[in-house]
Every structure is written in C-alpha cells, then in structure tokens.
$ cat upload_2.txt   # compact mmCIF, C-alpha atoms and all ligand atoms
# COMPACT_ATOMS: atom_id res chain seq x y z
CA MET Y 1353 123.93 38.74 196.97
CA LYS Y 1354 125.30 39.47 200.44
CA LYS Y 1355 126.49 36.48 202.47
CA TYR Y 1356 126.19 36.31 206.27
CA ASN Y 1357 128.26 35.18 209.24
CA VAL Y 1358 125.97 32.76 211.08
CA ALA Y 1359 126.48 31.55 214.65
CA VAL Y 1360 124.73 28.39 215.85
CA VAL Y 1361 124.56 28.41 219.66
CA GLY Y 1362 124.23 24.81 220.86
CA ALA Y 1363 125.73 23.56 217.59
CA ASN Y 1364 126.25 20.00 218.82
CA GLY Y 1365 122.81 19.64 220.41
CA ALA Y 1366 119.82 17.82 218.90
CA VAL Y 1367 118.41 21.03 217.38
CA GLY Y 1368 121.81 22.62 216.61
CA GLU Y 1369 122.91 19.63 214.53
CA GLU Y 1370 119.68 19.80 212.53
CA ILE Y 1371 120.21 23.53 211.93
CA LEU Y 1372 123.56 22.62 210.34
CA ARG Y 1373 121.88 19.96 208.16
CA VAL Y 1374 119.17 22.38 207.00
CA LEU Y 1375 121.75 25.10 206.23
CA GLU Y 1376 123.68 22.52 204.16
CA GLU Y 1377 120.62 21.40 202.22
CA ILE Y 1378 119.26 24.78 201.20
CA ASP Y 1379 120.93 27.49 199.23
CA PHE Y 1380 121.62 29.70 202.27
CA PRO Y 1381 123.77 32.80 201.72
CA LEU Y 1382 126.40 31.76 204.27
CA ASN Y 1383 129.74 33.51 204.49
CA ARG Y 1384 131.09 31.87 207.66
CA LEU Y 1385 129.72 29.33 210.13
CA ILE Y 1386 130.49 29.91 213.82
CA PRO Y 1387 129.52 26.82 215.88
CA LEU Y 1388 129.20 27.68 219.58
CA ALA Y 1389 128.63 25.55 222.69
CA SER Y 1390 129.76 25.44 226.31
CA ALA Y 1391 133.30 24.92 227.63
CA ARG Y 1392 132.38 21.20 227.92
CA SER Y 1393 132.50 20.95 224.12
CA ILE Y 1394 135.89 22.53 223.56
CA GLY Y 1395 138.02 20.10 221.57
CA LYS Y 1396 134.90 18.71 219.83
CA GLN Y 1397 133.99 19.39 216.21
CA VAL Y 1398 130.87 19.57 214.09
CA SER Y 1399 130.77 18.61 210.44
CA PHE Y 1400 129.38 20.99 207.87
CA ASN Y 1401 129.52 20.59 204.09
CA ASP Y 1402 132.10 17.78 204.44
CA GLU Y 1403 134.42 19.94 206.57
CA ASN Y 1404 135.06 19.72 210.30
CA PHE Y 1405 134.68 22.88 212.35
CA ASP Y 1406 136.04 23.32 215.88
CA ILE Y 1407 133.40 24.26 218.40
CA ILE Y 1408 134.04 27.69 219.89
CA GLU Y 1409 133.15 28.47 223.49
CA LEU Y 1410 130.12 30.69 223.98
CA THR Y 1411 131.30 33.85 225.75
CA HIS Y 1412 129.86 37.34 226.07
CA ASP Y 1413 132.25 38.82 223.52
CA VAL Y 1414 132.34 35.99 220.94
CA PHE Y 1415 129.64 37.61 218.77
CA GLU Y 1416 131.63 40.79 218.36
CA LYS Y 1417 134.93 38.95 217.88
CA GLU Y 1418 133.47 36.69 215.17
CA ALA Y 1419 131.45 39.51 213.52
CA VAL Y 1420 128.24 37.47 213.83
CA GLU Y 1421 125.30 38.81 211.79
CA ILE Y 1422 122.71 36.07 212.41
CA ALA Y 1423 122.70 34.08 215.69
CA LEU Y 1424 120.53 30.95 215.91
CA PHE Y 1425 120.17 30.03 219.60
CA SER Y 1426 119.20 26.53 220.81
CA ALA Y 1427 121.08 25.93 224.05
CA GLY Y 1428 118.32 26.36 226.64
CA GLY Y 1429 116.35 29.30 228.02
CA SER Y 1430 118.89 30.46 230.58
CA VAL Y 1431 121.65 30.54 227.93
CA SER Y 1432 119.46 32.68 225.65
CA ALA Y 1433 118.55 34.96 228.56
CA GLU Y 1434 122.20 35.61 229.34
CA PHE Y 1435 123.83 35.64 225.89
CA ALA Y 1436 121.19 36.84 223.36
CA PRO Y 1437 121.50 40.48 224.54
CA HIS Y 1438 125.27 40.29 223.88
CA ALA Y 1439 124.64 39.00 220.35
CA VAL Y 1440 122.18 41.84 219.73
CA ARG Y 1441 124.64 44.41 221.12
CA ALA Y 1442 127.23 43.07 218.67
CA GLY Y 1443 124.80 43.85 215.83
CA ALA Y 1444 123.37 40.38 215.16
CA VAL Y 1445 119.73 39.41 214.74
CA VAL Y 1446 118.91 36.61 217.20
CA ILE Y 1447 116.55 33.81 216.22
CA ASP Y 1448 115.80 32.00 219.46
CA ASN Y 1449 114.53 28.42 219.70
CA THR Y 1450 113.99 28.45 223.45
CA SER Y 1451 110.85 29.53 225.28
CA HIS Y 1452 112.63 32.42 227.04
CA PHE Y 1453 111.48 35.38 224.89
CA ARG Y 1454 108.41 33.88 223.19
CA MET Y 1455 105.68 35.63 225.16
CA GLU Y 1456 107.44 38.99 225.55
CA PRO Y 1457 105.00 41.40 223.90
CA ASN Y 1458 107.63 43.24 221.84
CA VAL Y 1459 109.36 40.07 220.59
CA PRO Y 1460 107.80 38.63 217.42
CA LEU Y 1461 106.92 34.92 217.56
CA VAL Y 1462 107.02 33.63 214.01
CA VAL Y 1463 106.00 30.71 211.83
CA PRO Y 1464 106.83 31.93 208.32
CA GLU Y 1465 103.82 30.16 206.71
CA VAL Y 1466 101.47 31.94 209.16
CA ASN Y 1467 102.75 35.39 210.26
CA PRO Y 1468 105.87 36.27 208.22
CA GLU Y 1469 104.98 39.98 208.44
CA ASP Y 1470 105.80 39.93 212.19
CA ILE Y 1471 109.49 39.46 211.35
CA ALA Y 1472 109.59 43.22 210.68
CA LEU Y 1473 109.15 43.72 214.45
CA TRP Y 1474 112.64 42.26 215.04
CA LYS Y 1475 113.91 45.83 215.31
CA ASN Y 1476 112.12 46.21 218.69
CA THR Y 1477 114.67 44.06 220.50
CA GLY Y 1478 116.88 42.42 217.84
CA ILE Y 1479 115.24 39.08 218.73
CA ILE Y 1480 112.78 36.86 216.85
CA ALA Y 1481 111.38 33.89 218.79
CA ASN Y 1482 110.74 30.45 217.34
CA PRO Y 1483 107.60 28.82 218.80
CA ASN Y 1484 107.35 25.50 220.64
CA CYS Y 1485 107.69 22.45 218.38
CA SER Y 1486 104.10 21.27 218.96
CA THR Y 1487 102.73 24.72 218.19
CA ILE Y 1488 104.55 25.11 214.85
CA GLN Y 1489 103.16 22.04 213.07
CA MET Y 1490 99.70 22.76 214.47
CA VAL Y 1491 99.43 26.42 213.38
CA GLN Y 1492 100.78 25.57 209.92
CA THR Y 1493 97.69 23.33 209.60
CA LEU Y 1494 95.23 25.68 211.31
CA LYS Y 1495 96.00 28.84 209.35
CA PRO Y 1496 94.82 27.79 205.85
CA LEU Y 1497 91.61 26.33 207.33
CA ASP Y 1498 90.99 29.41 209.48
CA ASN Y 1499 91.32 31.61 206.38
CA VAL Y 1500 88.33 29.84 204.83
CA TYR Y 1501 86.11 28.65 207.70
CA ASP Y 1502 86.93 30.92 210.68
CA LEU Y 1503 88.34 28.70 213.40
CA VAL Y 1504 86.82 29.13 216.87
CA ARG Y 1505 88.14 26.21 218.92
CA VAL Y 1506 90.94 23.63 218.90
CA ASP Y 1507 91.15 20.48 221.01
CA VAL Y 1508 94.50 18.78 220.61
CA SER Y 1509 96.18 15.68 222.03
CA THR Y 1510 99.87 15.30 221.29
CA TYR Y 1511 102.11 12.26 221.02
CA GLN Y 1512 105.57 13.80 221.45
CA ALA Y 1513 108.91 12.15 220.69
CA THR Y 1514 111.74 11.92 223.22
CA SER Y 1515 114.02 14.11 221.06
CA GLY Y 1516 111.80 17.01 222.08
CA ALA Y 1517 113.75 16.92 225.35
CA GLY Y 1518 117.18 16.79 223.68
CA LYS Y 1519 119.87 14.23 222.94
CA THR Y 1520 120.15 12.77 226.44
CA ALA Y 1521 116.41 12.08 226.48
CA MET Y 1522 116.64 10.14 223.19
CA GLN Y 1523 119.49 8.13 224.70
CA GLU Y 1524 117.42 7.41 227.81
CA LEU Y 1525 114.73 5.69 225.72
CA VAL Y 1526 117.39 3.61 223.94
CA ASN Y 1527 119.06 2.69 227.26
CA GLN Y 1528 115.76 1.64 228.83
CA MET Y 1529 114.85 -0.52 225.80
CA GLN Y 1530 118.27 -2.18 225.94
CA ALA Y 1531 117.75 -2.78 229.66
CA PHE Y 1532 114.33 -4.31 228.89
CA PHE Y 1533 115.84 -6.81 226.47
CA ALA Y 1534 118.47 -7.66 229.10
CA PHE Y 1535 115.64 -8.23 231.65
CA LYS Y 1536 116.97 -5.27 233.68
CA LEU Y 1537 114.43 -2.54 232.97
CA ASP Y 1538 113.79 -2.00 236.69
CA GLU Y 1539 117.48 -1.04 237.07
CA ALA Y 1540 117.52 1.46 234.16
CA GLU Y 1541 118.10 5.12 234.93
CA ILE Y 1542 115.08 7.48 234.92
CA LYS Y 1543 116.42 11.01 234.61
CA ALA Y 1544 115.43 12.90 231.47
CA PHE Y 1545 111.74 12.23 232.18
CA ASN Y 1546 110.11 11.83 235.55
CA GLN Y 1547 108.75 8.37 234.66
CA GLN Y 1548 110.01 5.39 232.67
CA ILE Y 1549 109.51 6.19 228.97
CA ALA Y 1550 110.23 2.75 227.46
CA LEU Y 1551 106.99 0.79 226.87
CA ASN Y 1552 105.03 3.65 228.42
CA VAL Y 1553 103.30 6.95 227.62
CA ILE Y 1554 103.60 9.90 230.01
CA PRO Y 1555 100.72 12.41 230.15
CA GLN Y 1556 103.00 15.15 231.47
CA ILE Y 1557 105.42 17.34 229.52
CA ASP Y 1558 107.13 20.04 231.59
CA LYS Y 1559 105.83 21.12 235.00
CA PHE Y 1560 102.20 21.47 236.08
CA THR Y 1561 100.79 24.98 236.40
CA GLU Y 1562 98.12 26.12 238.89
CA ASN Y 1563 95.22 25.46 236.50
CA GLY Y 1564 96.06 21.74 236.20
CA TYR Y 1565 97.54 22.07 232.70
CA THR Y 1566 101.28 21.62 232.12
CA LYS Y 1567 103.55 24.40 230.90
CA GLU Y 1568 103.83 22.63 227.52
CA GLU Y 1569 100.02 22.64 227.21
CA MET Y 1570 99.78 26.32 228.15
CA LYS Y 1571 102.52 27.14 225.61
CA MET Y 1572 100.25 25.74 222.88
CA VAL Y 1573 97.36 27.91 224.16
CA ASN Y 1574 99.30 31.18 224.49
CA GLU Y 1575 101.59 30.85 221.48
CA THR Y 1576 98.72 30.02 219.10
CA THR Y 1577 96.90 33.23 220.04
CA LYS Y 1578 100.07 35.30 219.60
CA ILE Y 1579 101.02 33.80 216.21
CA MET Y 1580 97.52 33.80 214.71
CA HIS Y 1581 96.60 37.22 216.13
CA LYS Y 1582 93.28 35.77 217.18
CA GLU Y 1583 91.68 34.53 220.39
CA ILE Y 1584 91.06 30.86 219.61
CA ALA Y 1585 89.73 28.66 222.43
CA LEU Y 1586 92.27 25.86 222.77
CA SER Y 1587 92.68 22.91 225.06
CA ALA Y 1588 95.76 20.68 224.86
CA THR Y 1589 96.79 17.37 226.40
CA CYS Y 1590 100.50 16.85 225.81
CA VAL Y 1591 101.83 13.32 226.07
CA ARG Y 1592 105.37 11.93 225.76
CA VAL Y 1593 105.56 8.66 223.82
CA PRO Y 1594 108.43 6.21 223.24
CA VAL Y 1595 109.25 7.53 219.76
CA LEU Y 1596 112.69 8.97 218.99
CA ARG Y 1597 111.72 11.56 216.41
CA GLY Y 1598 108.48 13.09 215.13
CA HIS Y 1599 105.63 14.65 217.07
CA SER Y 1600 102.07 13.57 216.25
CA GLU Y 1601 98.89 15.48 217.08
CA ALA Y 1602 95.21 14.51 216.98
CA LEU Y 1603 93.28 17.71 216.28
CA THR Y 1604 89.57 18.40 216.72
CA LEU Y 1605 88.70 21.73 215.11
CA THR Y 1606 85.49 23.70 215.53
CA PHE Y 1607 84.67 26.40 212.98
CA ASP Y 1608 82.17 29.22 212.76
CA SER Y 1609 80.75 27.77 209.55
CA GLU Y 1610 79.85 24.43 208.01
CA VAL Y 1611 82.88 22.45 206.79
CA SER Y 1612 83.53 19.67 204.33
CA ALA Y 1613 86.37 17.15 204.71
CA ASN Y 1614 86.95 17.01 200.95
CA GLU Y 1615 87.19 20.78 200.70
CA ALA Y 1616 89.55 20.87 203.72
CA LYS Y 1617 91.78 18.29 202.00
CA ALA Y 1618 91.90 20.46 198.86
CA ILE Y 1619 92.79 23.52 200.96
CA LEU Y 1620 95.56 21.72 202.86
CA GLU Y 1621 96.94 20.15 199.67
CA LYS Y 1622 97.70 23.67 198.41
CA ALA Y 1623 98.96 25.04 201.75
CA PRO Y 1624 102.68 25.89 202.02
CA ASN Y 1625 104.92 23.11 203.38
CA ILE Y 1626 101.96 20.81 204.11
CA VAL Y 1627 101.82 17.33 202.58
CA LEU Y 1628 98.50 15.52 202.50
CA VAL Y 1629 98.79 11.79 203.27
CA ASP Y 1630 95.19 10.70 203.44
CA ASP Y 1631 93.99 7.56 201.70
CA PRO Y 1632 92.07 5.27 204.06
CA GLU Y 1633 91.45 2.73 201.26
CA GLN Y 1634 95.21 2.24 200.90
CA GLU Y 1635 95.68 2.60 204.70
CA LEU Y 1636 97.82 5.70 204.14
CA TYR Y 1637 98.17 8.30 206.88
CA PRO Y 1638 101.04 10.30 208.44
CA MET Y 1639 103.35 8.57 210.93
CA PRO Y 1640 106.49 9.75 212.76
CA LYS Y 1641 108.76 7.17 211.11
CA ASP Y 1642 108.00 8.73 207.72
CA CYS Y 1643 108.64 12.35 208.72
CA VAL Y 1644 112.24 12.10 209.98
CA ASP Y 1645 114.60 14.56 208.22
CA LYS Y 1646 111.66 16.09 206.33
CA ASN Y 1647 110.93 19.81 206.26
CA GLU Y 1648 107.19 19.44 205.71
CA THR Y 1649 104.21 18.83 207.99
CA PHE Y 1650 102.13 15.76 207.12
CA VAL Y 1651 98.35 15.78 207.54
CA GLY Y 1652 95.85 12.95 207.21
CA ARG Y 1653 92.84 11.14 208.70
CA ILE Y 1654 90.80 14.24 207.82
CA ARG Y 1655 87.15 13.55 208.57
CA GLU Y 1656 83.95 15.33 209.46
CA ASP Y 1657 82.49 15.02 212.93
CA VAL Y 1658 79.76 12.39 213.23
CA TYR Y 1659 77.40 14.86 215.00
CA ALA Y 1660 78.34 18.47 214.21
CA ASN Y 1661 78.65 19.93 210.69
CA ASN Y 1662 81.14 22.64 211.79
CA MET Y 1663 83.81 20.25 213.13
CA LEU Y 1664 86.73 18.38 211.60
CA HIS Y 1665 89.17 15.81 212.99
CA MET Y 1666 92.68 15.14 211.67
CA PHE Y 1667 96.13 13.76 212.47
CA VAL Y 1668 99.22 15.94 212.00
CA VAL Y 1669 102.84 14.73 212.10
CA ALA Y 1670 106.18 16.54 211.73
CA ASP Y 1671 109.85 16.13 212.59
CA ASN Y 1672 110.10 18.12 215.83
CA LEU Y 1673 113.83 18.75 215.35
CA ARG Y 1674 113.26 20.06 211.80
CA VAL Y 1675 109.81 21.61 211.34
CA GLY Y 1676 109.45 22.15 215.10
CA ALA Y 1677 112.81 23.87 215.49
CA ALA Y 1678 115.67 23.97 212.93
CA THR Y 1679 113.72 24.38 209.69
CA ASN Y 1680 111.42 27.04 211.14
CA ALA Y 1681 114.43 28.97 212.50
CA VAL Y 1682 116.26 28.83 209.16
CA ARG Y 1683 113.09 29.84 207.29
CA ILE Y 1684 112.80 32.85 209.61
CA ALA Y 1685 116.42 33.74 208.79
CA GLN Y 1686 115.72 33.44 205.05
CA LYS Y 1687 112.65 35.72 205.33
CA TRP Y 1688 114.61 38.17 207.49
CA ILE Y 1689 117.32 38.38 204.81
CA GLU Y 1690 114.66 38.87 202.10
CA MET Y 1691 113.10 41.74 204.08
CA GLU Y 1692 116.46 43.36 204.91
CA GLU Y 1693 117.47 43.31 201.27
CA LEU Y 1694 114.23 44.99 200.23
CA ALA Y 1695 114.55 47.63 202.97
N1 LIG P 1 114.42 19.22 220.82
C1 LIG P 1 113.40 19.86 220.29
O1 LIG P 1 112.51 19.28 219.62
C2 LIG P 1 113.28 21.33 220.47
C3 LIG P 1 112.35 22.01 219.72
C4 LIG P 1 112.22 23.39 219.87
C5 LIG P 1 113.03 24.04 220.77
N2 LIG P 1 113.94 23.35 221.51
C6 LIG P 1 114.77 24.10 222.46
O2 LIG P 1 116.12 24.17 221.97
C7 LIG P 1 117.02 24.14 223.07
C8 LIG P 1 118.05 23.04 222.87
O3 LIG P 1 117.39 21.80 222.78
P1 LIG P 1 118.09 20.47 222.27
O4 LIG P 1 117.01 19.49 222.17
O5 LIG P 1 118.96 20.71 221.08
O6 LIG P 1 119.04 20.11 223.55
P2 LIG P 1 120.37 19.24 223.63
O7 LIG P 1 120.39 18.14 222.64
O8 LIG P 1 120.50 18.90 225.07
O9 LIG P 1 121.55 20.28 223.25
C9 LIG P 1 121.89 21.38 224.04
C10 LIG P 1 122.97 22.22 223.33
O10 LIG P 1 123.15 23.43 224.08
C11 LIG P 1 124.52 23.55 224.48
N3 LIG P 1 124.61 24.17 225.80
C12 LIG P 1 124.04 23.79 226.96
N4 LIG P 1 124.38 24.61 227.96
C13 LIG P 1 125.19 25.57 227.43
C14 LIG P 1 125.87 26.70 227.94
N5 LIG P 1 125.78 27.03 229.22
N6 LIG P 1 126.60 27.45 227.09
C15 LIG P 1 126.70 27.12 225.78
N7 LIG P 1 126.07 26.05 225.22
C16 LIG P 1 125.33 25.28 226.04
C17 LIG P 1 125.02 22.11 224.53
O11 LIG P 1 126.41 22.11 224.42
P3 LIG P 1 127.32 21.41 225.56
O12 LIG P 1 127.30 19.96 225.24
O13 LIG P 1 128.65 22.06 225.36
O14 LIG P 1 126.69 21.75 226.89
C18 LIG P 1 124.33 21.53 223.29
O15 LIG P 1 125.02 21.92 222.13
C19 LIG P 1 116.15 24.00 224.35
O16 LIG P 1 115.94 25.28 224.89
C20 LIG P 1 114.87 23.43 223.82
O17 LIG P 1 113.78 23.77 224.62
C21 LIG P 1 114.10 22.02 221.38
$ encode --input "upload_2.txt" --output "structure tokens"
Amino acid sequence: MKKYNVAVVGANGAVGEEILRVLEEIDFPLNRLIPLASARSIGKQVSFNDENFDIIELTHDVFEKEAVEIALFSAGGSVSAEFAPHAVRAGAVVIDNTSHFRMEPNVPLVVPEVNPEDIALWKNTGIIANPNCSTIQMVQTLKPLDNVYDLVRVDVSTYQATSGAGKTAMQELVNQMQAFFAFKLDEAEIKAFNQQIALNVIPQIDKFTENGYTKEEMKMVNETTKIMHKEIALSATCVRVPVLRGHSEALTLTFDSEVSANEAKAILEKAPNIVLVDDPEQELYPMPKDCVDKNETFVGRIREDVYANNMLHMFVVADNLRVGAATNAVRIAQKWIEMEELA
C-alpha cells in the first residue's frame, strides 16, 4: 500500500497536537511527517511515535520542497487563505480545519459519517473543508435519525469548552481559576474571551452578525444545510462554558413523522462512531469529562417531547479537539486515500 508524506500546519497548536495523536493511534499509511508552524516555533519540537521532530517554518515553497501529498491545516483562517493554494500547487490535497473555505460552493465540506461521497469533489480546488466543531458532532447524530424520520427542524443550545478557542484560551481559564483561589480574580487577564470565563458562562461565541445571531451560530445553520444537502430549519444558541475540553449540545429535533425515543436509541446505537450513554435509572448520561481523547460522539438523555409526538430531545457530547477537528480531518484523509486507490 502506498504511504504518504503528510504535513500538519499548526503542528504545535491545540488541534495540530491532536492530529499527531490520532495519526499515531490509527494505522495511517504515513511515509513522512512534516510538522509546520510559524517562525515563532523554530527551535521547538513535536513528539510523534516516541521520536522528536523539529518544527519547520511554514513558507510558500515548503510543500514542494518536502514533497507533501496530504496537508492538514489548522493554523487559522488567514494562514489557510494564504498557504493552502501553495500546497495545492505543489500537488497536495488540503484538508482544512479553519472556516476559510467551508462555504465556498465548489469546496466540499465533509463529515465522513454523513457525506463521504462529497470527498470526490476535492478535484475542483484541491481543498476539502472540515466543518466547525459544534456542527460535526451534531450532524453525526442528526443524519441517522433523518434517514428514518425526515428531520425538519433543529433547535440547539451548546455548552462549548475553552479549547475551542485554542491553547491560550484553555490557559486563560486555568489562570483565572488560580487567580480566584488567590483572591485576585478581579486582577486576572481577560483576553482570549471578551468576558471572564472562570465561574461564568458566556452566551457569545465569535462576533455578532446583523440578524442578532453570532457567527458561530450561523456556521451551525449554514454548514448543516451544506453537509446534509437539505434545507433544515435550525436555530442555535452557542455558549462558552468553563470546561477545558468537550463540547456539549442540548438538541430539540422536530421530524416530519411520529417518533419513538426507544426506536431512536436503537438507531443511534447502530450509527457509526456514536456511543449511546443513556440510562436514567443508573444516572448515566454523556459528560465532557468522559469524552476527552475519545474519537466517538456520545449521546444520551433521549426523550420524547411532553406535548408533540414528532419531537425528540437529547444531549450530545464530543471532544472538540478530536471529533470536532483532528479525528474528522484524519478520517477525511483516510477516505480520500481509499477513493484515490480505487480510482
Ligand atoms: N480548537 C478547536 O476546537 C478547533 C476546532 C475546529 C477548528 N479549529 C480551527 O483550527 C485552527 C487552529 O486552532 P487551535 O485551537 O489549534 O489554535 P492554537 O492552539 O492557537 O494553535 C495555532 C497553531 O497555528 C500556528 N500558527 C499560527 N499562526 C501561524 C502562521 N502565521 N504561520 C504558521 N503557523 C501559524 C501556531 O504556531 P505558532 O505557535 O508558531 O504561531 C499553532 O501551531 C483555527 O483556525 C480554529 O478555528 C479549532
């Protein structure tokens, strides 16, 4: 089997480090790892399979020089905008974790459990986009239910971890908690978020748009339609919570037909990369602390609506750095390889 030269752009970031862990854990056909970051990281190393690798500076010609075949980008939208075209020109397929290319009509936006066939459209631009972290775990849950009951509307409230905003944001929560225990919380720096995150919840992720929703909320609306190839009415309220890792979502789903909670549980139990954790008698349900470093999405609290027989409610949790970013990107790469080898 052919092995590939894989570049990780942003290799020492929160997502980049998880990409390395996922590549280590699975049987990925890797020939050579090329860890890239900015000039700030020169002299630093990343560890991979018990070896240390020097970080290489991201430059326009590095993809050609290093004969990169697969480039996994997670270094911010502006970095992808500038450097992804150079990777494509050098002959690599780009799998991009940032929001930069997601809504471009000729760039496929892929969650392998939902729309793997769209990967074939990579040839349009050489780029495949990875959706927003909150969207990925949600559509993995929606798709198997939509197949059976025909989903018409989603109302979602998220409880998003600080790692969703990168390493410095995780550190900011830790710093503020330490300041709290030193009775100095009012002196702690507020930078990664626009409000104090320790001992607080912030009902704003990203900037507000003209319609009163935030960009994060509108990403969930627009990306869901693109991935599921279906106009689904969706309203999101995205909230940052003082959790380090693991996004949670409370979903209210409205279907075109009558639904049963027990049947929905049976459907989700068989769905790819979904784990059902739903036993109220034992007080078992998904929680962020249990999803860290896991590659699956956990679903529980599945119940019928008290008033309407075509509605379900549930709670969905996943590791945003894994399922919401690294694992999805690596799964796209695996599918891409599978398709290329069949072509
Ligand atoms: N965190 C999540 O849950 C999540 C989920 C999905 C998508 N994403 C997206 O993934 C991207 C990275 O997020 P993150 O959470 O991993 O952030 P992070 O922890 O802040 O890491 C950023 C990485 O990008 C590198 N970088 C920054 N500017 C660069 C430049 N000009 N040239 C080369 N490398 C540069 C950094 O290296 P230096 O230290 O050298 O600057 C670092 O390796 C963002 O676009 C984010 O929206 C994040």
$ atom_distance --input "upload_2.txt" --atom1 "CA of His1412 (chain Y)" --atom2 "atom C21 of ligand LIG 1 (chain P)"
22.5 Å
$ residues_near_ligand --input "upload_2.txt" --ligand "ligand LIG 1 (chain P)" --cutoff "8 Å" --atoms "only C-alpha atoms and all ligand atoms" --output "PyMOL selection string"
chain Y and resi 1361-1369+1388-1394+1409-1410+1425-1431+1449-1451+1482-1485+1515-1520+1672-1674+1676-1678
$ closest_atom_pairs --input "upload_2.txt" --of "region 1522-1606 of chain Y" --to "region 1653-1663 of chain Y" --cutoff "8 Å" --atoms "all atoms listed in the file" --output "Markdown table"
| residue | atom | partner | partner_atom | distance |
| --- | --- | --- | --- | --- |
| Y:Thr1604 | CA | Y:Met1663 | CA | 7.0 |
| Y:Leu1605 | CA | Y:Met1663 | CA | 5.5 |
| Y:Thr1606 | CA | Y:Met1663 | CA | 4.5 |
$ closest_residue --input "upload_2.txt" --among "Y:Ala1618, Y:Val1462, Y:Val1629, Y:Ile1557" --to "Pro1496 (chain Y)" --atoms "all atoms listed in the file"
Y:Ala1618
$ residues_around --input "upload_2.txt" --residues "region 1597-1603 of chain Y" --least-positions-apart "2" --cutoff "7 Å" --atoms "only C-alpha atoms" --output "NGL selection string"
:Y and (1506-1515 or 1595 or 1605 or 1640 or 1643-1644 or 1665-1672)
